[in-house]
Amino acid sequence: MGDFWLYLALAAYFGATALWLGFFLAQRESLCRAGAWVMAGGLACHTLELVRRTLSHGYLPVATFGDALLVFAWALVAVFLLLNWRFPIKVLGALAAPLAALMVSGALILPPGKGAVSPLLKSFWLALHISLALLGNAAFTLAFLGAIFYLVQERQLKGKKFGFFYRRLPSLSQLDALNYWCLTIGFPLLTGGIISGSLYAQHTLGRFWSWDPKEVLTLSAWLIYAVLVHERLTVGWRGRRAALLAICGFLVLVFAFVGANLWISGYHSFASFLKP
Amino acid sequence: MNLLLVGVNHKTSPVALREKLAGLIPNVPQAYLSLKAHPELMEVLLYTTCNRVELLCVTEEPAAAEARLKAFLAAHPEVPAADLNDSLYIHRDQDAVQHLFRVAASLDSMVVGEPQILGQVKEAYRQATQSQATGPILNRLLHKTFSVAKRVRRETGLGDQAVSVSYAAIALGRKIFGALEGKTVLLLGAGEMAELALEHLKGQGVAKIVVANRTLERGVRLAERFRGEAVSLEELEAQLLAADIVISSTGSDEHLLTRDQVKAVMRRRKQRPLFLIDIAVPRDLDPAINDLDNVYLYNIDDLQEVAAQGLQHRQKEAAKAERLVAAETLKFLEWLDTLQVYPTIIALKDKAERICARELKKTLPQLGPLSPEQRQALDALAHAITGKLLHDPIIFLKRNHHPKKPHRELDLIRRLFRLDQDRQKDYNDKD
């Protein structure tokens, strides 16, 4: 069977991308509903594939960049569908669906890892640590996408240019509420991810914190989001500033996920997960 | 049978004149009573909105009815006859029907496509029926009007476009707040434009309206109309704390609000978004306010740009609506034509009645003394003869052999029996 379910999921994500983009251009309600259903179908296939891999390996496969991308894409689609169900900002799908499709494509293109997987990666605790962190990242990714929409829409409103995007993007208050929703979901998840990882490190390596580049970068992103949460609750920061901070936090997270894994070595980088 | 519509609207008359004319009808039943007293006005409907005062009647004597309706409007002592004549428009038959359809479908409105007008016409019709001022023709016409207006709303996109400045303000507000329900509106100054905008905002379900005016009295009056609250301009900053939408239209020469004032207020508001609309010329609000985060300031030109956005689309939709109205007008007139048959039948019977009476009056004295029974028998004989004679023409009329051109047969019968006194010359020429 190989990656049958994964290809099905990928096809669904590309299909959803087409539907959402069609919705964005034509503004037909039916297209965005269809997009959500196709995406949910994709998520089901994606889940099956992850379950199949986990069962055949005996652990959640995250040892290579490709595997990690696959899990991250799953988290993104899951959080997006949850958001879409609870809090429909329809145009968000036009960015989230292609992003998921690209990440799954990336996972399929990247070469599979060779060599034995470090026993550290086979624990339930590690799976928990990674799931929490990636779900948090997924929420912040959506916050980032929403922030882009916010800045574009705000530019239209402030600049009094009422063009293509003005008509298609949702209201500022909806986009700002999206930012807040993602923050309230993502922040506890990321915090949980950091704490569970740190406890696991203490248990296995004998230290809570190693100043590994990924740890430092993630902590910086966490601090940015902490500032945003605090300022939102006390001073009432919102709108543009919240959007800019969400973008900053996301860029740091991306660097932690991609850069720290590939270019900077540390015990969190993929290179150290596989022993040749 | 003729339809006649006389009125003024926002295109032909200034608001002052419309206000005075509307003031003529403080008591609607009274107005109907005085209009119904004139036999030439067979059926009457009158409706007034802030943009129009119009009277519609069904009549057999259009010239007399026109004079009567004009006299009714000229009854206001403060309205100079010259002013009234300049602003008055008169529509007859097809034009009257089309005009009423256009009004109810909101094609003749100041804000084309605004939804309130249909409700106002319905209410006017309800009052007219209560006063028993309408009859079969206006009843039919008004019901047709409502269905035409609904079709226009359903089948064209006229109603849901940002068609005017106040609609543009609402469209912008939606892009900022999502929905306008539960928002607080603060009105600075009580101008006509601001009132119009307020009316539309009220329709969007805003929760609270506060009017701040230099003269408190005018502010209180406006606030009462919209069930709001009136405050003085002195407490502006305090009011700004609670407001979400501010519409400013005072005649002030300098800025009412500066950037620094709004900045301070925003901090105290915890950055809740503030939507400011400055429709005053010269400006009331410092343009630099727009640079602040979460504050969105628009002046009248900006709003007109938003309104222009929908213009092309609106023109297309309006053309669609006009076609619909024209088609429905023709349909109604067809019906009206078939109705003309009945007055013709009545006129025929009247004529027969008159001939009987005249001939009996001539003949009876020549017959010498007669008993009442004999008189009755002669009377019955005369009526029987004319009745039998008219029976077939009447059946012919009722059958209506040319449904598409009923007036042809009608015209033939009317000429055959010389039913139209004012067309005597016509007949003589033909002789």
# chains A, B, ... in the order shown; residues from 1 in each chain; ligands from 1

call {"tool": "closest_atom_pairs", "arguments": {"of": "chain A", "to": "chain B", "cutoff": "9 Å", "atoms": "only C-alpha atoms", "output": "CSV"}}
result
residue,atom,partner,partner_atom,distance
A:Gln153,CA,B:Lys175,CA,8.6
A:Glu154,CA,B:Ile176,CA,8.8
A:Leu157,CA,B:Tyr296,CA,7.4
A:Lys158,CA,B:Tyr296,CA,6.5
A:Lys160,CA,B:Asp302,CA,6.7
A:Lys161,CA,B:Val306,CA,8.8
A:Phe162,CA,B:Val306,CA,6.9
A:Gly163,CA,B:Gln309,CA,8.8
A:Tyr166,CA,B:Lys175,CA,8.2
A:Arg167,CA,B:Lys175,CA,8.7
A:Leu169,CA,B:Lys175,CA,8.4
A:Pro170,CA,B:Lys175,CA,6.6
A:Ser171,CA,B:Lys175,CA,4.0
A:Leu172,CA,B:Ile176,CA,4.9
A:Ser173,CA,B:Phe177,CA,5.1
A:Gln174,CA,B:Gly178,CA,6.4
A:Thr234,CA,B:Lys270,CA,8.3
A:Val235,CA,B:Lys270,CA,5.7
A:Gly236,CA,B:Lys270,CA,4.6
A:Trp237,CA,B:Gln271,CA,6.5
A:Arg238,CA,B:Gln271,CA,7.0
A:Gly239,CA,B:Asn294,CA,6.6
A:Arg240,CA,B:Asp293,CA,7.0
A:Arg241,CA,B:Asp293,CA,8.3

call {"tool": "residues_around", "arguments": {"residues": "B:Val121", "least_positions_apart": "4", "cutoff": "8 Å", "atoms": "only C-alpha atoms", "output": "list in words"}}
result
Tyr47, Ala104, Ile117 and Tyr125 of chain B

call {"tool": "write_last_selection", "arguments": {"atoms": "C-alpha atoms", "output": "tab-separated table (two decimals), in the first residue's frame"}}
result
chain	number	residue	atom	x	y	z
B	47	TYR	CA	-48.46	59.28	1.37
B	104	ALA	CA	-42.34	51.59	-3.73
B	117	ILE	CA	-40.04	53.15	1.60
B	125	TYR	CA	-52.34	52.28	2.21

call {"tool": "closest_residue", "arguments": {"among": "A:Leu60, A:Leu10, A:Leu50, A:Ala147", "to": "A:Leu99", "atoms": "only C-alpha atoms"}}
result
A:Leu10

call {"tool": "select_by_dssp", "arguments": {"residues": "stretch 217-423 of chain B", "states": "strand (DSSP E or B)", "output": "ChimeraX atom specification"}}
result
/B:229-232,245-248,257,274-278,285,295-299

call {"tool": "write_last_selection", "arguments": {"atoms": "C-alpha atoms", "output": "PDB file, in the first residue's frame"}}
result
ATOM      1  CA  GLU B 229     -29.939  60.385  24.783  1.00  0.00           C
ATOM      2  CA  ALA B 230     -28.959  64.034  24.416  1.00  0.00           C
ATOM      3  CA  VAL B 231     -25.817  65.481  25.930  1.00  0.00           C
ATOM      4  CA  SER B 232     -23.964  68.738  25.570  1.00  0.00           C
ATOM      5  CA  ILE B 245     -19.215  55.020  15.938  1.00  0.00           C
ATOM      6  CA  VAL B 246     -19.049  58.815  15.814  1.00  0.00           C
ATOM      7  CA  ILE B 247     -20.784  60.851  13.126  1.00  0.00           C
ATOM      8  CA  SER B 248     -19.775  64.469  13.125  1.00  0.00           C
ATOM      9  CA  LEU B 257     -11.276  66.660  18.248  1.00  0.00           C
ATOM     10  CA  LEU B 274     -13.324  53.690  17.059  1.00  0.00           C
ATOM     11  CA  PHE B 275     -15.009  54.489  13.752  1.00  0.00           C
ATOM     12  CA  LEU B 276     -15.255  58.199  13.016  1.00  0.00           C
ATOM     13  CA  ILE B 277     -17.270  59.696  10.186  1.00  0.00           C
ATOM     14  CA  ASP B 278     -16.753  63.364   9.473  1.00  0.00           C
ATOM     15  CA  LEU B 285     -12.118  66.088  13.097  1.00  0.00           C
ATOM     16  CA  VAL B 295      -9.074  54.497  14.886  1.00  0.00           C
ATOM     17  CA  TYR B 296     -10.659  54.784  11.468  1.00  0.00           C
ATOM     18  CA  LEU B 297     -11.560  58.235  10.245  1.00  0.00           C
ATOM     19  CA  TYR B 298     -13.475  58.908   7.053  1.00  0.00           C
ATOM     20  CA  ASN B 299     -14.679  62.161   5.599  1.00  0.00           C
TER      21      ASN B 299
END

call {"tool": "residues_around", "arguments": {"residues": "B:Val325", "least_positions_apart": "2", "cutoff": "9 Å", "atoms": "only C-alpha atoms", "output": "VMD selection string"}}
result
chain B and resid 98 101 to 102 105 148 to 149 152 320 to 323 327 to 330

call {"tool": "closest_residue", "arguments": {"among": "B:Ile394, B:Leu364, B:Val262, B:Cys356", "to": "B:Leu381", "atoms": "only C-alpha atoms"}}
result
B:Cys356

call {"tool": "residues_around", "arguments": {"residues": "stretch 117-132 of chain A", "least_positions_apart": "5", "cutoff": "12 Å", "atoms": "only C-alpha atoms", "output": "PyMOL selection string"}}
result
chain A and resi 54+57-64+67-76+78-79+137-139+185-205+257+267-268+270-276

call {"tool": "write_last_selection", "arguments": {"atoms": "C-alpha atoms", "output": "CSV table (one decimal), in the first residue's frame"}}
result
chain,number,residue,atom,x,y,z
A,54,THR,CA,3.0,4.8,14.3
A,57,HIS,CA,7.2,1.7,13.7
A,58,GLY,CA,6.0,1.3,17.3
A,59,TYR,CA,6.4,5.1,17.9
A,60,LEU,CA,5.3,8.4,16.4
A,61,PRO,CA,7.7,9.0,13.5
A,62,VAL,CA,9.3,12.4,13.8
A,63,ALA,CA,12.9,11.6,13.4
A,64,THR,CA,13.4,13.3,10.0
A,67,ASP,CA,8.3,13.1,9.2
A,68,ALA,CA,8.1,16.1,11.4
A,69,LEU,CA,6.5,18.2,8.6
A,70,LEU,CA,3.9,15.5,8.1
A,71,VAL,CA,2.9,15.6,11.8
A,72,PHE,CA,3.0,19.4,11.7
A,73,ALA,CA,0.8,19.5,8.6
A,74,TRP,CA,-1.6,17.2,10.4
A,75,ALA,CA,-1.7,19.5,13.4
A,76,LEU,CA,-2.3,22.6,11.2
A,78,ALA,CA,-6.7,19.8,12.7
A,79,VAL,CA,-6.5,23.1,14.4
A,137,ASN,CA,2.8,25.9,16.5
A,138,ALA,CA,-0.2,25.1,14.3
A,139,ALA,CA,-2.3,27.6,16.2
A,185,ILE,CA,-5.3,27.9,22.2
A,186,GLY,CA,-1.6,28.1,21.1
A,187,PHE,CA,-0.1,29.6,24.2
A,188,PRO,CA,-1.1,26.8,26.7
A,189,LEU,CA,-0.2,24.2,24.1
A,190,LEU,CA,3.3,25.6,23.5
A,191,THR,CA,3.7,26.0,27.3
A,192,GLY,CA,2.7,22.4,27.8
A,193,GLY,CA,5.1,21.3,25.1
A,194,ILE,CA,8.0,23.2,26.7
A,195,ILE,CA,7.2,21.8,30.2
A,196,SER,CA,6.7,18.2,29.1
A,197,GLY,CA,9.9,18.4,27.1
A,198,SER,CA,11.8,19.8,30.0
A,199,LEU,CA,10.5,17.1,32.4
A,200,TYR,CA,11.4,14.4,29.9
A,201,ALA,CA,14.9,15.9,29.5
A,202,GLN,CA,15.3,15.9,33.3
A,203,HIS,CA,14.2,12.3,33.3
A,204,THR,CA,16.4,11.0,30.5
A,205,LEU,CA,19.4,13.5,30.3
A,257,PHE,CA,11.6,24.5,13.5
A,267,TYR,CA,20.5,17.6,20.5
A,268,HIS,CA,17.1,18.8,19.0
A,270,PHE,CA,17.3,15.9,13.1
A,271,ALA,CA,20.9,15.0,12.4
A,272,SER,CA,21.3,13.8,16.0
A,273,PHE,CA,18.2,11.7,15.9
A,274,LEU,CA,19.6,9.1,13.6
A,275,LYS,CA,22.7,7.1,14.3
A,276,PRO,CA,24.3,5.9,11.0

call {"tool": "residues_around", "arguments": {"residues": "stretch 20-23 of chain B", "least_positions_apart": "6", "cutoff": "10 Å", "atoms": "only C-alpha atoms", "output": "list in words"}}
result
Gly7, Val8, Tyr47, Thr48, Thr49, Cys50, Asn51, Arg52, Val53, Glu54, Phe72, Leu73, Ala74, Ala75, His76, Pro77, Glu78, Val79 and Leu84 of chain B

call {"tool": "residues_around", "arguments": {"residues": "stretch 15-27 of chain A", "least_positions_apart": "5", "cutoff": "7 Å", "atoms": "only C-alpha atoms", "output": "PyMOL selection string"}}
result
chain A and resi 32+35+38-39+91+93-94+97-98+168

call {"tool": "select_by_dssp", "arguments": {"residues": "stretch 65-105 of chain B", "states": "helix (DSSP H, G or I)", "output": "ChimeraX atom specification"}}
result
/B:65-73,81-87,93-104

call {"tool": "write_last_selection", "arguments": {"atoms": "N, CA and C atoms", "output": "PDB file, in the first residue's frame"}}
result
ATOM      1  N   ALA B  65     -60.258  66.958 -10.989  1.00  0.00           N
ATOM      2  CA  ALA B  65     -59.526  66.280  -9.918  1.00  0.00           C
ATOM      3  C   ALA B  65     -58.152  66.902  -9.737  1.00  0.00           C
ATOM      4  N   GLU B  66     -57.523  67.223 -10.851  1.00  0.00           N
ATOM      5  CA  GLU B  66     -56.205  67.836 -10.777  1.00  0.00           C
ATOM      6  C   GLU B  66     -56.273  69.165 -10.026  1.00  0.00           C
ATOM      7  N   ALA B  67     -57.262  69.974 -10.378  1.00  0.00           N
ATOM      8  CA  ALA B  67     -57.424  71.264  -9.710  1.00  0.00           C
ATOM      9  C   ALA B  67     -57.672  71.050  -8.218  1.00  0.00           C
ATOM     10  N   ARG B  68     -58.468  70.020  -7.911  1.00  0.00           N
ATOM     11  CA  ARG B  68     -58.821  69.753  -6.516  1.00  0.00           C
ATOM     12  C   ARG B  68     -57.576  69.362  -5.710  1.00  0.00           C
ATOM     13  N   LEU B  69     -56.772  68.476  -6.278  1.00  0.00           N
ATOM     14  CA  LEU B  69     -55.582  68.022  -5.558  1.00  0.00           C
ATOM     15  C   LEU B  69     -54.581  69.159  -5.389  1.00  0.00           C
ATOM     16  N   LYS B  70     -54.441  69.965  -6.428  1.00  0.00           N
ATOM     17  CA  LYS B  70     -53.536  71.112  -6.326  1.00  0.00           C
ATOM     18  C   LYS B  70     -54.011  72.062  -5.238  1.00  0.00           C
ATOM     19  N   ALA B  71     -55.314  72.280  -5.210  1.00  0.00           N
ATOM     20  CA  ALA B  71     -55.873  73.181  -4.206  1.00  0.00           C
ATOM     21  C   ALA B  71     -55.618  72.636  -2.804  1.00  0.00           C
ATOM     22  N   PHE B  72     -55.706  71.314  -2.695  1.00  0.00           N
ATOM     23  CA  PHE B  72     -55.457  70.696  -1.386  1.00  0.00           C
ATOM     24  C   PHE B  72     -54.033  70.989  -0.931  1.00  0.00           C
ATOM     25  N   LEU B  73     -53.087  70.863  -1.848  1.00  0.00           N
ATOM     26  CA  LEU B  73     -51.686  71.104  -1.486  1.00  0.00           C
ATOM     27  C   LEU B  73     -51.409  72.588  -1.272  1.00  0.00           C
ATOM     28  N   ALA B  81     -47.891  79.939  -3.990  1.00  0.00           N
ATOM     29  CA  ALA B  81     -48.400  79.148  -5.112  1.00  0.00           C
ATOM     30  C   ALA B  81     -47.332  78.945  -6.178  1.00  0.00           C
ATOM     31  N   ALA B  82     -46.505  79.957  -6.381  1.00  0.00           N
ATOM     32  CA  ALA B  82     -45.476  79.862  -7.426  1.00  0.00           C
ATOM     33  C   ALA B  82     -44.489  78.750  -7.091  1.00  0.00           C
ATOM     34  N   ASP B  83     -44.051  78.726  -5.806  1.00  0.00           N
ATOM     35  CA  ASP B  83     -43.117  77.683  -5.362  1.00  0.00           C
ATOM     36  C   ASP B  83     -43.699  76.307  -5.607  1.00  0.00           C
ATOM     37  N   LEU B  84     -44.964  76.178  -5.248  1.00  0.00           N
ATOM     38  CA  LEU B  84     -45.615  74.879  -5.347  1.00  0.00           C
ATOM     39  C   LEU B  84     -45.691  74.443  -6.805  1.00  0.00           C
ATOM     40  N   ASN B  85     -46.103  75.375  -7.668  1.00  0.00           N
ATOM     41  CA  ASN B  85     -46.248  75.022  -9.079  1.00  0.00           C
ATOM     42  C   ASN B  85     -44.926  74.628  -9.704  1.00  0.00           C
ATOM     43  N   ASP B  86     -43.844  75.264  -9.226  1.00  0.00           N
ATOM     44  CA  ASP B  86     -42.528  74.923  -9.773  1.00  0.00           C
ATOM     45  C   ASP B  86     -42.110  73.512  -9.377  1.00  0.00           C
ATOM     46  N   SER B  87     -42.494  73.102  -8.167  1.00  0.00           N
ATOM     47  CA  SER B  87     -41.990  71.818  -7.663  1.00  0.00           C
ATOM     48  C   SER B  87     -42.926  70.648  -7.956  1.00  0.00           C
ATOM     49  N   ASP B  93     -52.338  58.291 -15.533  1.00  0.00           N
ATOM     50  CA  ASP B  93     -52.521  56.911 -16.009  1.00  0.00           C
ATOM     51  C   ASP B  93     -51.229  56.102 -15.976  1.00  0.00           C
ATOM     52  N   GLN B  94     -50.707  55.766 -17.165  1.00  0.00           N
ATOM     53  CA  GLN B  94     -49.530  54.908 -17.209  1.00  0.00           C
ATOM     54  C   GLN B  94     -48.380  55.486 -16.380  1.00  0.00           C
ATOM     55  N   ASP B  95     -48.158  56.795 -16.512  1.00  0.00           N
ATOM     56  CA  ASP B  95     -47.060  57.419 -15.771  1.00  0.00           C
ATOM     57  C   ASP B  95     -47.296  57.352 -14.267  1.00  0.00           C
ATOM     58  N   ALA B  96     -48.561  57.506 -13.875  1.00  0.00           N
ATOM     59  CA  ALA B  96     -48.878  57.460 -12.447  1.00  0.00           C
ATOM     60  C   ALA B  96     -48.598  56.065 -11.887  1.00  0.00           C
ATOM     61  N   VAL B  97     -49.011  55.050 -12.632  1.00  0.00           N
ATOM     62  CA  VAL B  97     -48.786  53.671 -12.186  1.00  0.00           C
ATOM     63  C   VAL B  97     -47.282  53.415 -12.084  1.00  0.00           C
ATOM     64  N   GLN B  98     -46.581  53.789 -13.132  1.00  0.00           N
ATOM     65  CA  GLN B  98     -45.141  53.555 -13.159  1.00  0.00           C
ATOM     66  C   GLN B  98     -44.453  54.308 -12.010  1.00  0.00           C
ATOM     67  N   HIS B  99     -44.912  55.525 -11.772  1.00  0.00           N
ATOM     68  CA  HIS B  99     -44.302  56.307 -10.702  1.00  0.00           C
ATOM     69  C   HIS B  99     -44.498  55.625  -9.345  1.00  0.00           C
ATOM     70  N   LEU B 100     -45.717  55.174  -9.098  1.00  0.00           N
ATOM     71  CA  LEU B 100     -45.979  54.514  -7.815  1.00  0.00           C
ATOM     72  C   LEU B 100     -45.114  53.256  -7.670  1.00  0.00           C
ATOM     73  N   PHE B 101     -45.003  52.488  -8.739  1.00  0.00           N
ATOM     74  CA  PHE B 101     -44.167  51.283  -8.705  1.00  0.00           C
ATOM     75  C   PHE B 101     -42.717  51.666  -8.395  1.00  0.00           C
ATOM     76  N   ARG B 102     -42.251  52.724  -9.049  1.00  0.00           N
ATOM     77  CA  ARG B 102     -40.852  53.129  -8.855  1.00  0.00           C
ATOM     78  C   ARG B 102     -40.615  53.600  -7.419  1.00  0.00           C
ATOM     79  N   VAL B 103     -41.601  54.337  -6.892  1.00  0.00           N
ATOM     80  CA  VAL B 103     -41.460  54.816  -5.519  1.00  0.00           C
ATOM     81  C   VAL B 103     -41.356  53.636  -4.555  1.00  0.00           C
ATOM     82  N   ALA B 104     -42.292  52.698  -4.687  1.00  0.00           N
ATOM     83  CA  ALA B 104     -42.337  51.588  -3.731  1.00  0.00           C
ATOM     84  C   ALA B 104     -41.124  50.680  -3.894  1.00  0.00           C
TER      85      ALA B 104
END

call {"tool": "closest_residue", "arguments": {"among": "A:Leu108, A:Val216, A:Ala221, A:Leu8", "to": "A:Ile247", "atoms": "only C-alpha atoms"}}
result
A:Ala221

call {"tool": "atom_distance", "arguments": {"atom1": "atom CA of A:Ala256", "atom2": "atom CA of A:Trp211"}}
result
12.9 Å
